[in-house]
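Visitor: data-v2.csv is the file, holding CSV, C-alpha atoms:
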```csv
chain,number,residue,atom,x,y,z
A,7,MET,CA,125.8,80.9,104.5
A,8,SER,CA,124.3,84.4,104.8
A,9,CYS,CA,122.5,85.5,108.0
A,10,TRP,CA,120.3,88.6,107.8
A,11,ALA,CA,118.6,90.3,110.7
A,12,LEU,CA,115.1,91.6,110.1
A,13,LEU,CA,113.3,94.2,112.2
A,14,ALA,CA,110.1,96.3,111.8
A,15,LEU,CA,109.9,99.9,113.0
A,16,LYS,CA,106.8,102.1,113.2
A,17,PRO,CA,107.1,105.9,112.9
A,18,PRO,CA,108.4,106.8,116.3
A,19,HIS,CA,105.6,109.2,117.1
A,20,LEU,CA,103.1,106.3,116.8
A,21,GLY,CA,104.9,103.8,119.0
A,22,LYS,CA,104.8,102.8,122.7
A,23,SER,CA,101.2,104.1,123.2
A,24,ARG,CA,100.9,102.1,126.5
A,25,LEU,CA,103.5,104.4,128.0
A,26,GLY,CA,101.4,107.4,127.1
A,27,GLY,CA,100.4,108.0,130.8
A,28,THR,CA,104.0,107.8,131.9
A,29,LEU,CA,106.1,109.6,129.3
A,30,THR,CA,105.4,112.6,127.0
A,31,ARG,CA,105.2,112.0,123.3
A,32,ARG,CA,108.7,113.5,122.9
A,33,GLN,CA,110.1,111.1,125.5
A,34,ARG,CA,108.5,108.1,123.9
A,35,GLU,CA,109.9,109.0,120.5
A,36,ARG,CA,113.4,109.4,122.0
A,37,LEU,CA,113.0,106.1,123.9
A,38,ILE,CA,112.0,104.3,120.7
A,39,ILE,CA,114.8,105.7,118.6
A,40,THR,CA,117.5,105.1,121.3
A,41,MET,CA,116.5,101.4,121.7
A,42,PHE,CA,116.4,101.0,117.9
A,43,GLU,CA,119.8,102.5,117.6
A,44,HIS,CA,121.1,100.2,120.3
A,45,VAL,CA,119.7,97.1,118.5
A,46,LEU,CA,121.2,98.2,115.2
A,47,GLU,CA,124.6,98.8,116.7
A,48,THR,CA,124.5,95.4,118.5
A,49,LEU,CA,123.6,93.6,115.3
A,50,ASP,CA,126.3,95.4,113.4
A,51,THR,CA,128.9,94.3,116.0
A,52,ALA,CA,127.6,90.6,116.2
A,53,SER,CA,129.9,88.3,114.2
A,54,GLU,CA,127.1,86.0,113.0
A,55,ILE,CA,125.0,88.7,111.3
A,56,ASP,CA,125.9,89.6,107.8
A,57,ARG,CA,123.3,92.2,106.8
A,58,ILE,CA,120.4,94.1,108.5
A,59,ALA,CA,117.0,94.9,107.0
A,60,VAL,CA,114.3,97.1,108.5
A,61,ILE,CA,110.6,97.2,107.4
A,62,THR,CA,109.4,100.7,108.0
A,63,PRO,CA,107.3,103.5,106.5
A,64,VAL,CA,110.0,106.0,107.5
A,65,PRO,CA,113.2,104.7,105.7
A,66,GLU,CA,114.7,108.2,105.9
A,67,ILE,CA,115.6,107.7,109.5
A,68,LEU,CA,117.7,104.6,108.8
A,69,PRO,CA,121.5,104.7,108.8
A,70,GLN,CA,123.3,104.2,105.5
A,71,GLY,CA,123.9,100.6,104.9
A,72,VAL,CA,120.7,99.2,106.4
A,73,HIS,CA,118.5,97.6,103.8
A,74,ALA,CA,115.1,99.4,103.8
A,75,LEU,CA,112.0,97.4,103.1
A,76,ARG,CA,108.8,99.2,102.3
A,77,ASP,CA,106.0,98.8,104.9
A,78,ARG,CA,102.8,98.3,102.9
A,79,GLY,CA,100.5,98.6,105.9
A,80,THR,CA,99.4,95.0,105.8
A,81,GLY,CA,100.2,94.3,109.5
A,82,LEU,CA,103.3,93.0,111.3
A,83,ASN,CA,103.1,89.3,110.5
A,84,GLN,CA,102.4,89.7,106.8
A,85,ALA,CA,105.1,92.4,106.6
A,86,LEU,CA,107.7,90.1,108.2
A,87,ASP,CA,106.6,87.3,105.8
A,88,GLU,CA,107.1,89.6,102.8
A,89,GLY,CA,110.4,90.8,104.2
A,90,ARG,CA,111.6,87.3,104.8
A,91,ASN,CA,110.8,86.4,101.2
A,92,THR,CA,112.6,89.5,99.9
A,93,LEU,CA,115.7,88.7,101.9
A,94,THR,CA,115.7,85.1,100.6
A,95,ALA,CA,115.6,86.5,97.1
A,96,CYS,CA,118.6,88.7,98.0
A,97,GLY,CA,120.5,85.6,99.0
A,98,ALA,CA,119.8,85.2,102.7
A,99,THR,CA,120.1,81.6,103.8
A,100,GLU,CA,119.3,82.4,107.5
A,101,VAL,CA,117.0,85.1,109.0
A,102,LEU,CA,116.9,86.4,112.5
A,103,VAL,CA,113.7,88.3,113.2
A,104,LEU,CA,113.7,90.4,116.3
A,105,HIS,CA,112.1,93.4,117.9
A,106,ALA,CA,113.6,96.8,118.0
A,107,ASP,CA,113.0,97.5,121.7
A,108,LEU,CA,115.7,95.4,123.4
A,109,PRO,CA,117.9,97.8,125.3
A,110,TRP,CA,120.0,95.1,127.0
A,111,LEU,CA,120.7,93.1,123.9
A,112,SER,CA,124.4,92.3,123.4
A,113,PRO,CA,126.5,91.0,120.4
A,114,ALA,CA,127.5,87.9,122.3
A,115,GLU,CA,123.8,87.0,123.0
A,116,VAL,CA,123.0,87.5,119.3
A,117,ASP,CA,125.9,85.3,118.2
A,118,SER,CA,125.0,82.6,120.7
A,119,PHE,CA,121.3,82.7,119.7
A,120,VAL,CA,122.2,82.2,116.1
A,121,CYS,CA,124.7,79.4,116.7
A,122,HIS,CA,122.2,77.5,118.9
A,123,GLY,CA,119.5,78.0,116.4
A,124,ARG,CA,121.6,76.4,113.7
A,125,LYS,CA,121.5,73.1,115.5
A,126,THR,CA,117.8,72.5,114.6
A,127,GLY,CA,117.1,75.3,112.2
A,128,LEU,CA,114.7,77.1,114.6
A,129,ALA,CA,115.3,79.2,117.8
A,130,LEU,CA,112.7,81.1,119.7
A,131,ALA,CA,113.2,83.8,122.4
A,132,PRO,CA,110.2,84.3,124.6
A,133,ASP,CA,109.8,87.6,126.5
A,134,HIS,CA,110.3,87.7,130.2
A,135,HIS,CA,106.6,87.1,130.8
A,136,GLY,CA,106.8,83.9,128.8
A,137,SER,CA,103.8,85.0,126.6
A,138,GLY,CA,105.3,87.1,123.8
A,139,THR,CA,108.1,86.3,121.3
A,140,ASN,CA,111.0,88.7,121.0
A,141,ALA,CA,113.1,86.8,118.4
A,142,ILE,CA,112.9,84.0,115.9
A,143,PHE,CA,115.9,82.4,114.1
A,144,LEU,CA,115.2,80.4,110.9
A,145,SER,CA,117.7,78.4,108.9
A,146,PRO,CA,116.8,78.1,106.2
A,147,PRO,CA,114.2,80.9,106.2
A,148,GLY,CA,111.5,78.5,104.9
A,149,THR,CA,107.8,79.1,105.2
A,150,PHE,CA,107.4,79.3,109.0
A,151,ASN,CA,104.3,81.4,109.7
A,152,PHE,CA,104.7,84.4,112.1
A,153,HIS,CA,102.2,84.9,114.9
A,154,PHE,CA,103.4,88.0,116.6
A,155,GLY,CA,100.8,89.5,118.9
A,156,THR,CA,98.8,88.1,121.9
A,157,SER,CA,100.3,84.8,123.2
A,158,SER,CA,102.6,84.6,120.3
A,159,PHE,CA,105.1,82.3,122.0
A,160,ARG,CA,102.5,79.6,122.5
A,161,GLN,CA,101.4,80.0,118.9
A,162,HIS,CA,105.0,79.8,117.6
A,163,LEU,CA,105.6,76.6,119.5
A,164,ALA,CA,102.4,75.2,118.0
A,165,GLU,CA,103.6,76.3,114.5
A,166,ALA,CA,106.9,74.5,115.1
A,167,ARG,CA,105.1,71.3,116.2
A,168,MET,CA,102.8,71.4,113.2
A,169,ARG,CA,105.9,71.6,110.9
A,170,GLY,CA,107.8,68.9,112.8
A,171,LEU,CA,110.4,71.3,114.0
A,172,GLU,CA,112.3,71.1,117.3
A,173,PRO,CA,112.9,74.7,118.4
A,174,ILE,CA,115.8,75.8,120.6
A,175,VAL,CA,114.2,78.0,123.3
A,176,ASN,CA,116.7,80.5,124.5
A,177,ALA,CA,115.9,83.7,126.4
A,178,PRO,CA,119.0,85.5,127.7
A,179,ARG,CA,118.3,88.8,129.4
A,180,GLY,CA,119.0,90.9,126.3
A,181,PHE,CA,116.4,89.0,124.3
A,182,ALA,CA,113.9,88.5,127.1
A,183,VAL,CA,113.4,92.0,128.3
A,184,ASP,CA,111.7,94.6,126.2
A,185,ILE,CA,109.8,97.8,127.2
A,186,ASP,CA,106.0,98.0,126.6
A,187,GLU,CA,104.5,98.8,130.0
A,188,PRO,CA,105.3,101.4,132.7
A,189,ALA,CA,106.5,98.5,134.9
A,190,ASP,CA,109.1,97.6,132.3
A,191,LEU,CA,110.3,101.2,132.2
A,192,GLN,CA,110.5,101.3,136.0
A,193,HIS,CA,112.6,98.2,136.0
A,194,TYR,CA,115.2,100.0,133.8
A,195,LEU,CA,115.1,103.2,135.9
A,196,ASP,CA,115.9,101.0,138.9
A,197,THR,CA,118.9,99.5,137.1
A,198,ARG,CA,122.2,101.4,137.8
A,199,GLY,CA,123.8,102.7,134.6
A,200,GLY,CA,120.8,101.8,132.4
A,201,LEU,CA,120.8,102.8,128.8
A,202,LEU,CA,117.6,104.7,129.1
A,203,GLU,CA,118.1,106.8,132.3
A,204,PRO,CA,119.5,109.9,130.6
A,205,LEU,CA,116.6,110.0,128.1
A,206,LEU,CA,113.9,110.5,130.6
A,207,SER,CA,115.0,113.9,131.9
A,208,PRO,CA,112.6,116.5,130.3
A,209,TRP,CA,115.3,119.1,130.0
A,210,SER,CA,117.7,116.8,128.1
A,211,THR,CA,118.6,118.1,124.6
A,212,THR,CA,120.4,114.9,123.4
A,213,ARG,CA,119.6,114.1,119.8
A,214,TRP,CA,119.8,110.8,118.1
A,215,THR,CA,122.3,110.4,115.3
A,216,ALA,CA,122.6,107.0,113.7
A,217,SER,CA,126.2,106.2,112.9
A,218,PRO,CA,127.0,102.5,113.3
A,219,LYS,CA,130.6,102.2,112.5
A,220,HIS,CA,130.7,99.2,110.2
A,221,PHE,CA,127.7,99.7,107.9
A,222,SER,CA,128.7,99.7,104.2
A,223,PRO,CA,126.8,101.8,101.6
A,224,LEU,CA,124.2,100.0,99.6
A,225,HIS,CA,123.4,100.7,96.0
A,226,ALA,CA,120.3,102.9,95.8
A,227,ALA,CA,118.4,100.1,94.0
A,228,GLU,CA,118.5,98.0,97.1
A,229,GLN,CA,116.7,100.6,99.2
A,230,GLY,CA,113.0,99.8,99.3
```
Kindly transcribe the structure held in the file into structure tokens.

Guide:
Amino acid sequence: MSCWALLALKPPHLGKSRLGGTLTRRQRERLIITMFEHVLETLDTASEIDRIAVITPVPEILPQGVHALRDRGTGLNQALDEGRNTLTACGATEVLVLHADLPWLSPAEVDSFVCHGRKTGLALAPDHHGSGTNAIFLSPPGTFNFHFGTSSFRQHLAEARMRGLEPIVNAPRGFAVDIDEPADLQHYLDTRGGLLEPLLSPWSTTRWTASPKHFSPLHAAEQG
């Protein structure tokens, strides 16, 4: 059994446009990178995740040991479908697809989500609004169609029904809460000791350096 995590990452300067009226471009970039780093480190620590792959047009920002998949510009759902197929060809028997902007995600939540998903072969994590989907676990990866976008949770439930699958619906805080809107950001600023608070000071000079402790080097042929 080999469980891979699969994420997609835009170039940081193009992300979180809905926060444009709240944060500067530099703050948005730092926000994206910090949340991404947190998700990578969380997956690296989780016991049930064997490997991590990221679909991105900017593979140069990935830490060593993360499997880089080329973003062909075909849209998120097709990119994830292609990525899932690539990971299956690499030996993945399970795939956890999740977003890169989950700053409260914990290793224990990842392990629990995967273990619960194995009971039926499919687990879904809706966002805290109940409309979006922040994670999907598939075992085996199969041919389940992705519908990320508007009302994706409803569409993923419909996809499961069409295929005769019984999804485990699990939304612990770390999976449920992402940051897309100013209200989401305010929620984090109001949380004592939040991961993001130090990033939002315009005079901060903190730089992101990706150095997850347990990533092992991959052969160059695996990158891309």

Visitor: With the cut-off set at 10 Å and counting all atoms listed in the file, tabulate each residue of stretch 88-176 of chain A with an atom at most that distance from an atom of stretch 9-33 of chain A, showing the nearest atom pair and its distance in Å to one decimal, ordered by chain and increasing number, as a Markdown table.

Guide:
```
| residue | atom | partner | partner_atom | distance |
| --- | --- | --- | --- | --- |
| A:Gly89 | CA | A:Leu12 | CA | 7.6 |
| A:Arg90 | CA | A:Leu12 | CA | 7.7 |
| A:Leu93 | CA | A:Trp10 | CA | 7.5 |
| A:Thr94 | CA | A:Trp10 | CA | 9.2 |
| A:Cys96 | CA | A:Trp10 | CA | 9.9 |
| A:Gly97 | CA | A:Cys9 | CA | 9.2 |
| A:Ala98 | CA | A:Cys9 | CA | 6.0 |
| A:Thr99 | CA | A:Cys9 | CA | 6.2 |
| A:Glu100 | CA | A:Cys9 | CA | 4.5 |
| A:Val101 | CA | A:Trp10 | CA | 5.0 |
| A:Leu102 | CA | A:Ala11 | CA | 4.6 |
| A:Val103 | CA | A:Leu12 | CA | 4.7 |
| A:Leu104 | CA | A:Leu13 | CA | 5.6 |
| A:His105 | CA | A:Leu13 | CA | 5.9 |
| A:Ala106 | CA | A:Leu13 | CA | 6.4 |
| A:Asp107 | CA | A:Leu15 | CA | 9.5 |
| A:Val120 | CA | A:Cys9 | CA | 8.8 |
| A:Ala141 | CA | A:Leu13 | CA | 9.7 |
| A:Ile142 | CA | A:Leu12 | CA | 9.8 |
| A:Phe143 | CA | A:Ala11 | CA | 9.0 |
| A:Leu144 | CA | A:Cys9 | CA | 9.4 |
| A:Ser145 | CA | A:Cys9 | CA | 8.6 |
| A:Pro146 | CA | A:Cys9 | CA | 9.5 |
| A:Pro147 | CA | A:Cys9 | CA | 9.7 |
```

Visitor: Between A:Leu82, A:Val175, A:Met168, A:Ile67, which is the closest to A:Asp133 once you count only C-alpha atoms?

Guide: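 For A:Asp133, the nearest of the given residues is A:Val175.
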
Visitor: Dump as a PyMOL selection string all residues having an atom at most 12 Å from (113.1, 70.5, 117.1), computed in the file's coordinates with all atoms listed in the file.

Guide: chain A and resi 122-130+144+163-175

Visitor: Would you write out those residues with C-alpha atoms, as a JSON list (two decimals), in the frame of the given file?

Guide:
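What follows is the written file again.json:
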```json
[["chain", "number", "residue", "atom", "x", "y", "z"],
["A", 122, "HIS", "CA", 122.20, 77.50, 118.90],
["A", 123, "GLY", "CA", 119.50, 78.00, 116.40],
["A", 124, "ARG", "CA", 121.60, 76.40, 113.70],
["A", 125, "LYS", "CA", 121.50, 73.10, 115.50],
["A", 126, "THR", "CA", 117.80, 72.50, 114.60],
["A", 127, "GLY", "CA", 117.10, 75.30, 112.20],
["A", 128, "LEU", "CA", 114.70, 77.10, 114.60],
["A", 129, "ALA", "CA", 115.30, 79.20, 117.80],
["A", 130, "LEU", "CA", 112.70, 81.10, 119.70],
["A", 144, "LEU", "CA", 115.20, 80.40, 110.90],
["A", 163, "LEU", "CA", 105.60, 76.60, 119.50],
["A", 164, "ALA", "CA", 102.40, 75.20, 118.00],
["A", 165, "GLU", "CA", 103.60, 76.30, 114.50],
["A", 166, "ALA", "CA", 106.90, 74.50, 115.10],
["A", 167, "ARG", "CA", 105.10, 71.30, 116.20],
["A", 168, "MET", "CA", 102.80, 71.40, 113.20],
["A", 169, "ARG", "CA", 105.90, 71.60, 110.90],
["A", 170, "GLY", "CA", 107.80, 68.90, 112.80],
["A", 171, "LEU", "CA", 110.40, 71.30, 114.00],
["A", 172, "GLU", "CA", 112.30, 71.10, 117.30],
["A", 173, "PRO", "CA", 112.90, 74.70, 118.40],
["A", 174, "ILE", "CA", 115.80, 75.80, 120.60],
["A", 175, "VAL", "CA", 114.20, 78.00, 123.30]]
```

Visitor: Atom CA of A:Ser8 and atom CA of A:Thr48 are how many Å apart?

Guide: 17.6 Å

Visitor: To one decimal place in Å, what is the distance between atom CA of A:Ser157 and atom CA of A:Ala85?

Guide: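 Here the two named atoms are 18.9 Å from each other.
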
Visitor: Identify the residues within 8 Å of coordinate (117.4, 98.3, 125.8) (same frame as the file), considering only C-alpha atoms, and give the answer as a count of residues only.

Guide: 14

Visitor: From the options A:Arg36, A:Arg179, A:His134, A:Arg57, which residue's atoms come nearest to A:Ala114, counting all atoms listed in the file?

Guide: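 The shortest atom-to-atom distance to A:Ala114 comes from A:Arg179.
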
Visitor: One number please: atom CA of A:Gly138 to atom CA of A:Arg160, in Å, one decimal.

Guide: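 Separation between atom CA of A:Gly138 and atom CA of A:Arg160: 8.1 Å.
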
Visitor: Which residue gives the smallest distance to A:Leu49 among A:Val72, A:Gln161, A:Thr156, A:Asn91, with all atoms listed in the file counted?

Guide: A:Val72

Visitor: With distances taken over all atoms listed in the file, which of A:Phe119, A:Gly136, A:Leu37, A:His153 is nearest to A:Ile55?

Guide: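 Closest candidate: A:Phe119.
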
Visitor: Taking all atoms listed in the file into account, which of A:Ile39, A:Ala52, A:Leu46, A:Ala95 comes nearest A:Gly71?

Guide: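 Among the listed residues, the smallest separation from A:Gly71 belongs to A:Leu46.
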
Visitor: Rank A:Ser53, A:Ala182, A:Asp87, A:Glu43 by their smallest atom-to-atom distance to A:Pro132, using all atoms listed in the file, and report the top residue only.

Guide: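 Checking each candidate against A:Pro132, we get A:Ala182 as the closest.
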